[in-house]
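Written below as structure tokens is the structure these notes are about.
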Amino acid sequence: MSRAFLIVLDSVGIGGAPDAGDFQSGGVPDTGANTVAHIARDCAAGLAGQGRSGPLHLPVLDGLGLGAALRLASGDAAPGLAATPQGLWGAATEVSRGKDTPSGHWELAGVPVPWDWAYFPDTVPAFPADVVAEVCRLAGTAGILGNCHDSGTAIIDRLGAEHLTTGWPICYTSADSVFQIAAHEESFGLDRLVALCRDLAPMLHAMKIGRVIARPFTGAPGAFARTANRRDFAIAPPAPTLLDWVQGAGRVTHAIGKIGDIFSHRGISKLHKGKDDAALFEHLDRLAVEAEPGSLTFANFVEFDSLYGHRRDVSGYARALEWFDARAGGFLARLGPGDMAIFTADHGNDPTWFGTEHTRERVPVLVAGRGKGPIGLCAFADVAASVADHLDIPAQGPGRSFL
């Protein structure tokens with residue numbers, strides 16, 4: 001039986017979302033944001049030369065159709081991305097009213113979000129008194145630190161020493177529908193932090209806050225560092241997703257990286273975690289050989305977003321894209337006859353844009369193993385329908401197969 005590999009390059013958008021003007025980053029509408037095009041532009045102009053040089057070099061992804069998909073999505077030029085596509089290629093448009101991780105992934109898996117997410121105001125304090133009281137009750141503390149919008153790395157630098165002194169958890173949010181708690185792995189305790197987030201999550205989920213995230217860190221003042229032991233507690237999808245469809249058909253599903261947390265560990269047969277994207281790619285390479293006939297491997301590579309997009313680091317984002325592209329060729333060579341791989345994204349995070357937030361963009365859909373030609377403009381949910389079609393199982397969502 002054929003196998004499918006669905007690979008999400010977190011935040012690798014290609015501009016052109018028709019409703020981008022309804023979304024903002026840094027108080028500026030997302031109209032005109034284009035993650036890949038603007039990185040390619042800065043590379044070609046010599047403005048992204050830290051740790052790399054020259055035009056953006058993505059021969060594998062561009063060979064599948066990345067540049068062509070970008071031009072279709074937005075009409076923008078992307079210097080260095082002009083290959084004649086050798087795969088199926090297109091651009092997907094999201095309908096869910098969010099530019100966040102759960103919305104994008106759920107819709108790619110066939111389930112558009114049927115509600116509007118709740119968000120915390122960009123004020124100090126940011127959180128309602130009853131939420132603060134519940135955190136204190138669960139943590140056994142007299143208060144919390146933070147209670148604001150902030151960057152995760154900045155807030156532990158600013159409040160980490162006070163956290164060590166008081167023992168109070170550091171609570172913060174962002175433009176996403178999220179409640180994050182940072183705490184020191186040794187002094188506060190990793191198990192205690194994870195339990196706090198797990199036990200708080202039902203209250204936040206009832207408010208339609210999408211995720212409660214445990215953000216452990218270690219070190220001393222002036223040298224704090226987040227660890228790889230992050231845990232996300234997300235609202236469960238409101239309907240069966242692609243993972244459930246595949247598992248319900250008696251097939252095996254493999255989840256690499258954040259996929260388990262994003263889908264509340266539903267529909268997942270085997271989970272594969274790693275400390276960074278390099279470790280996650282080792283899992284992907286291994287599963288290209290070892291994954292069972294008829295299985296689905298669903299992977300998320302988060303560092304484009306977490307390390308470079310939010311930090312508006314164009315050089316770092318370009319380096320990460322070129323690293324991934326170099327690894328992608330070896331992965332594709334490991335696939336067998338009848339296997340299909342889809343490379344896509346969940347939203348944008350233009351590192352040249354205003355603010356530090358995700359950007360509302362269309363995403364590429366690049367398909368290896370099913371011939372070549374244009375898919376055209378499609379829906380996020382069409383990705384799930386196409387994977388189901390390839391695996392010869394029934395699709396249950398609103399999408400239509402482009403195969």
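Going through the structure tokens in order, the chains are called A, B, and so on, while each chain numbers its residues from 1 and the ligands are numbered from 1 in the order shown.
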
Where does segment 282-334 of chain A meet segment 344-359 of chain A within 9 Å, residue by residue, with the nearest atom pair and distance in Å to one decimal for each, counting only C-alpha atoms, listed by chain and rising number, as a Markdown table?
| residue | atom | partner | partner_atom | distance |
| --- | --- | --- | --- | --- |
| A:Asn300 | CA | A:Ala345 | CA | 8.8 |
| A:Phe304 | CA | A:Asn349 | CA | 8.5 |
| A:Asp305 | CA | A:Asn349 | CA | 6.5 |
| A:Tyr308 | CA | A:Pro351 | CA | 7.0 |
| A:Gly309 | CA | A:Pro351 | CA | 4.9 |
| A:His310 | CA | A:Thr356 | CA | 4.8 |
| A:Arg311 | CA | A:Thr356 | CA | 6.5 |
| A:Arg312 | CA | A:Pro351 | CA | 4.0 |
| A:Asp313 | CA | A:Pro351 | CA | 5.8 |
| A:Val314 | CA | A:Pro351 | CA | 5.5 |
| A:Tyr317 | CA | A:Pro351 | CA | 7.7 |

Output for the residues just chosen: C-alpha atoms as a PDB file, in the first residue's frame:
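Okay, part11.pdb is ready:
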ATOM      1  CA  ASN A 300       5.819  19.896  11.876  1.00  0.00           C
ATOM      2  CA  PHE A 304      11.245  28.681  10.999  1.00  0.00           C
ATOM      3  CA  ASP A 305       8.504  30.256  13.111  1.00  0.00           C
ATOM      4  CA  TYR A 308      13.368  33.284  13.105  1.00  0.00           C
ATOM      5  CA  GLY A 309       9.907  34.536  12.134  1.00  0.00           C
ATOM      6  CA  HIS A 310       8.830  35.941  15.499  1.00  0.00           C
ATOM      7  CA  ARG A 311      12.325  37.313  16.071  1.00  0.00           C
ATOM      8  CA  ARG A 312      12.309  38.982  12.635  1.00  0.00           C
ATOM      9  CA  ASP A 313      15.621  37.334  11.763  1.00  0.00           C
ATOM     10  CA  VAL A 314      15.807  37.255   7.960  1.00  0.00           C
ATOM     11  CA  TYR A 317      15.107  32.201   8.380  1.00  0.00           C
TER      12      TYR A 317
END

Nearest to Leu56 of chain A by atom-to-atom distance, counting only C-alpha atoms, from A:Ile342, A:Ala78, A:Leu190, A:Ala249: A:Ala78

As a PyMOL selection string, list the residues of segment 194-347 of chain A assigned to strand (DSSP E or B) by DSSP on the backbone atoms of this structure. chain A and resi 211-218+225-226+231-234+253-256+270-272+296-301+340-344

Using only C-alpha atoms, what does the table of segment 282-353 of chain A residues within 8 Å of segment 365-384 of chain A look like, with each row giving the shortest atom pair and its distance in Å to one decimal, sorted by chain and ascending number, as CSV?
residue,atom,partner,partner_atom,distance
A:Leu332,CA,A:Ala368,CA,7.9
A:Pro337,CA,A:Gly369,CA,7.9
A:Gly338,CA,A:Gly369,CA,6.8
A:Asp339,CA,A:Gly369,CA,6.0
A:Met340,CA,A:Gly369,CA,4.7
A:Ala341,CA,A:Ala368,CA,5.2
A:Ile342,CA,A:Val367,CA,4.5
A:Phe343,CA,A:Leu366,CA,5.1
A:Thr344,CA,A:Val365,CA,4.9
A:Ala345,CA,A:Val365,CA,7.9

Restrict the selected residues to C-alpha atoms and save them as a short mmCIF file (atom, residue, chain, number, x, y, z; two decimals), in the first residue's frame.
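The resulting file, out-v8.cif, is shown below:
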data_model
loop_
_atom_site.label_atom_id
_atom_site.label_comp_id
_atom_site.auth_asym_id
_atom_site.auth_seq_id
_atom_site.Cartn_x
_atom_site.Cartn_y
_atom_site.Cartn_z
CA LEU A 332 12.71 12.23 -1.10
CA PRO A 337 7.31 3.66 -5.43
CA GLY A 338 3.77 4.83 -4.74
CA ASP A 339 4.73 7.08 -1.80
CA MET A 340 3.57 10.70 -1.75
CA ALA A 341 5.06 13.67 0.13
CA ILE A 342 3.34 17.03 0.51
CA PHE A 343 5.26 20.09 1.70
CA THR A 344 3.07 22.92 2.95
CA ALA A 345 2.71 25.49 5.77
#

Mind checking which residues fall within 10 Å of Gly143 of chain A, counting only C-alpha atoms, ignoring those fewer than 5 positions away in the same chain, and posting them as a tab-separated table (two decimals) with C-alpha atoms, in the first residue's frame?
chain	number	residue	atom	x	y	z
A	132	VAL	CA	-5.08	34.55	37.93
A	133	ALA	CA	-6.78	33.13	41.02
A	135	VAL	CA	-3.29	29.74	38.47
A	136	CYS	CA	-2.39	30.67	42.05
A	137	ARG	CA	-4.62	27.94	43.48
A	166	THR	CA	9.38	34.35	44.82
A	167	GLY	CA	8.60	30.99	43.25
A	168	TRP	CA	5.73	32.62	41.37
A	169	PRO	CA	5.07	31.37	37.80
A	170	ILE	CA	5.64	33.77	34.90

Between atom CA of Leu6 of chain A and atom CA of Phe233 of chain A, what is the spacing in Å?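 Pair atom CA of Phe233 of chain A / atom CA of Leu6 of chain A returns 22.1 Å.
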
Hey, which of A:Asp10, A:Asp176, A:Glu292, A:Glu361 ends up closest to Ile213 of chain A? Count only C-alpha atoms.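 Counting only C-alpha atoms, the residue closest to Ile213 of chain A is A:Asp176.
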
Enumerate, as a PDB file with C-alpha atoms, in the first residue's frame, the complete set of residues in segment 150-212 of chain A that a backbone-based DSSP assignment places in alpha helix (DSSP H).
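Heads up, here's the output in result.pdb:
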ATOM      1  CA  GLY A 152       9.008  34.323  25.767  1.00  0.00           C
ATOM      2  CA  THR A 153      12.747  34.883  25.772  1.00  0.00           C
ATOM      3  CA  ALA A 154      12.463  38.529  26.814  1.00  0.00           C
ATOM      4  CA  ILE A 155      10.162  37.854  29.734  1.00  0.00           C
ATOM      5  CA  ILE A 156      12.378  35.216  31.330  1.00  0.00           C
ATOM      6  CA  ASP A 157      15.343  37.577  31.024  1.00  0.00           C
ATOM      7  CA  ARG A 158      13.282  40.306  32.688  1.00  0.00           C
ATOM      8  CA  LEU A 159      11.493  38.294  35.375  1.00  0.00           C
ATOM      9  CA  GLY A 160      13.547  35.113  35.783  1.00  0.00           C
ATOM     10  CA  ALA A 161      15.468  36.349  38.828  1.00  0.00           C
ATOM     11  CA  GLU A 162      12.254  37.441  40.567  1.00  0.00           C
ATOM     12  CA  HIS A 163      10.724  34.066  39.735  1.00  0.00           C
ATOM     13  CA  LEU A 164      13.643  32.309  41.450  1.00  0.00           C
ATOM     14  CA  THR A 165      13.173  34.502  44.515  1.00  0.00           C
ATOM     15  CA  THR A 166       9.382  34.353  44.823  1.00  0.00           C
ATOM     16  CA  LEU A 190       9.262  20.544  35.367  1.00  0.00           C
ATOM     17  CA  ASP A 191       6.591  18.060  36.465  1.00  0.00           C
ATOM     18  CA  ARG A 192       4.931  20.753  38.579  1.00  0.00           C
ATOM     19  CA  LEU A 193       4.883  23.182  35.617  1.00  0.00           C
ATOM     20  CA  VAL A 194       3.424  20.607  33.247  1.00  0.00           C
ATOM     21  CA  ALA A 195       0.756  19.624  35.791  1.00  0.00           C
ATOM     22  CA  LEU A 196      -0.127  23.285  36.326  1.00  0.00           C
ATOM     23  CA  CYS A 197      -0.667  23.851  32.610  1.00  0.00           C
ATOM     24  CA  ARG A 198      -2.564  20.589  32.161  1.00  0.00           C
ATOM     25  CA  ASP A 199      -4.920  21.329  35.056  1.00  0.00           C
ATOM     26  CA  LEU A 200      -5.472  24.950  34.001  1.00  0.00           C
ATOM     27  CA  ALA A 201      -6.198  24.083  30.374  1.00  0.00           C
ATOM     28  CA  PRO A 202      -9.896  23.108  30.718  1.00  0.00           C
ATOM     29  CA  MET A 203     -10.751  26.545  32.138  1.00  0.00           C
ATOM     30  CA  LEU A 204      -8.946  28.343  29.312  1.00  0.00           C
ATOM     31  CA  HIS A 205     -10.339  26.033  26.646  1.00  0.00           C
ATOM     32  CA  ALA A 206     -13.880  26.788  27.856  1.00  0.00           C
TER      33      ALA A 206
END

Can you list, as a PyMOL selection string, every protein, DNA or RNA residue that comes within 12 Å of Gly399 of chain A when you count only C-alpha atoms, leaving out same-chain residues fewer than 4 positions away? chain A and resi 92-95+107-112+241-242+378-389+394-395

Selection above as a file: C-alpha atoms, as a tab-separated table (two decimals), in the first residue's frame:
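part.tsv, freshly written:
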chain	number	residue	atom	x	y	z
A	92	ALA	CA	-3.79	27.00	-0.45
A	93	THR	CA	-6.08	29.58	1.15
A	94	GLU	CA	-7.33	29.31	4.74
A	95	VAL	CA	-10.94	29.98	5.76
A	107	GLU	CA	-7.76	22.91	8.52
A	108	LEU	CA	-4.92	21.17	6.66
A	109	ALA	CA	-6.22	18.02	8.38
A	110	GLY	CA	-9.74	18.63	7.07
A	111	VAL	CA	-11.37	20.53	9.96
A	112	PRO	CA	-11.77	24.32	9.61
A	241	THR	CA	-9.34	14.98	11.52
A	242	LEU	CA	-7.22	13.31	8.86
A	378	CYS	CA	-7.02	25.32	-3.45
A	379	ALA	CA	-8.31	25.17	0.11
A	380	PHE	CA	-6.33	24.09	3.16
A	381	ALA	CA	-8.88	21.29	3.64
A	382	ASP	CA	-8.14	19.99	0.13
A	383	VAL	CA	-4.78	18.80	1.47
A	384	ALA	CA	-6.51	16.35	3.84
A	385	ALA	CA	-8.88	15.16	1.14
A	386	SER	CA	-5.95	14.54	-1.19
A	387	VAL	CA	-4.00	12.55	1.42
A	388	ALA	CA	-7.09	10.43	2.05
A	389	ASP	CA	-7.49	9.93	-1.70
A	394	PRO	CA	-12.80	7.93	2.93
A	395	ALA	CA	-12.46	11.66	3.53

Report as a PyMOL selection string all protein, DNA and RNA residues lying within 8 Å of Gly294 of chain A, evaluated on only C-alpha atoms, omitting residues in the same chain fewer than 3 positions from it. chain A and resi 1-4+251-252+391

Can I get the selection written as a JSON list (two decimals), in the first residue's frame, with N, CA and C atoms?
[["chain", "number", "residue", "atom", "x", "y", "z"],
["A", 1, "MET", "N", 0.84, -1.20, 0.00],
["A", 1, "MET", "CA", 0.00, 0.00, 0.00],
["A", 1, "MET", "C", 0.87, 1.25, 0.00],
["A", 2, "SER", "N", 0.38, 2.29, -0.64],
["A", 2, "SER", "CA", 1.08, 3.56, -0.70],
["A", 2, "SER", "C", 1.11, 4.22, 0.68],
["A", 3, "ARG", "N", 2.14, 5.04, 0.89],
["A", 3, "ARG", "CA", 2.26, 5.81, 2.13],
["A", 3, "ARG", "C", 2.17, 7.30, 1.82],
["A", 4, "ALA", "N", 1.84, 8.09, 2.84],
["A", 4, "ALA", "CA", 1.76, 9.53, 2.68],
["A", 4, "ALA", "C", 2.57, 10.21, 3.77],
["A", 251, "ARG", "N", -5.10, 2.02, 9.79],
["A", 251, "ARG", "CA", -3.73, 2.32, 9.39],
["A", 251, "ARG", "C", -2.96, 2.95, 10.55],
["A", 252, "VAL", "N", -1.66, 3.02, 10.41],
["A", 252, "VAL", "CA", -0.78, 3.60, 11.42],
["A", 252, "VAL", "C", -0.55, 5.07, 11.10],
["A", 391, "LEU", "N", -4.27, 7.56, 0.02],
["A", 391, "LEU", "CA", -4.25, 6.37, 0.87],
["A", 391, "LEU", "C", -5.46, 5.47, 0.66]]

Residue contacts of Arg327 of chain A (9 Å, only C-alpha atoms) excluding same-chain residues fewer than 5 positions away, as a PDB file with C-alpha atoms, in the first residue's frame:
ATOM      1  CA  PHE A 281      14.401  15.440  10.458  1.00  0.00           C
ATOM      2  CA  ASP A 285      14.420  10.241   7.273  1.00  0.00           C
ATOM      3  CA  GLU A 322      18.369  26.323   2.875  1.00  0.00           C
ATOM      4  CA  LEU A 332      12.709  12.233  -1.104  1.00  0.00           C
TER       5      LEU A 332
END
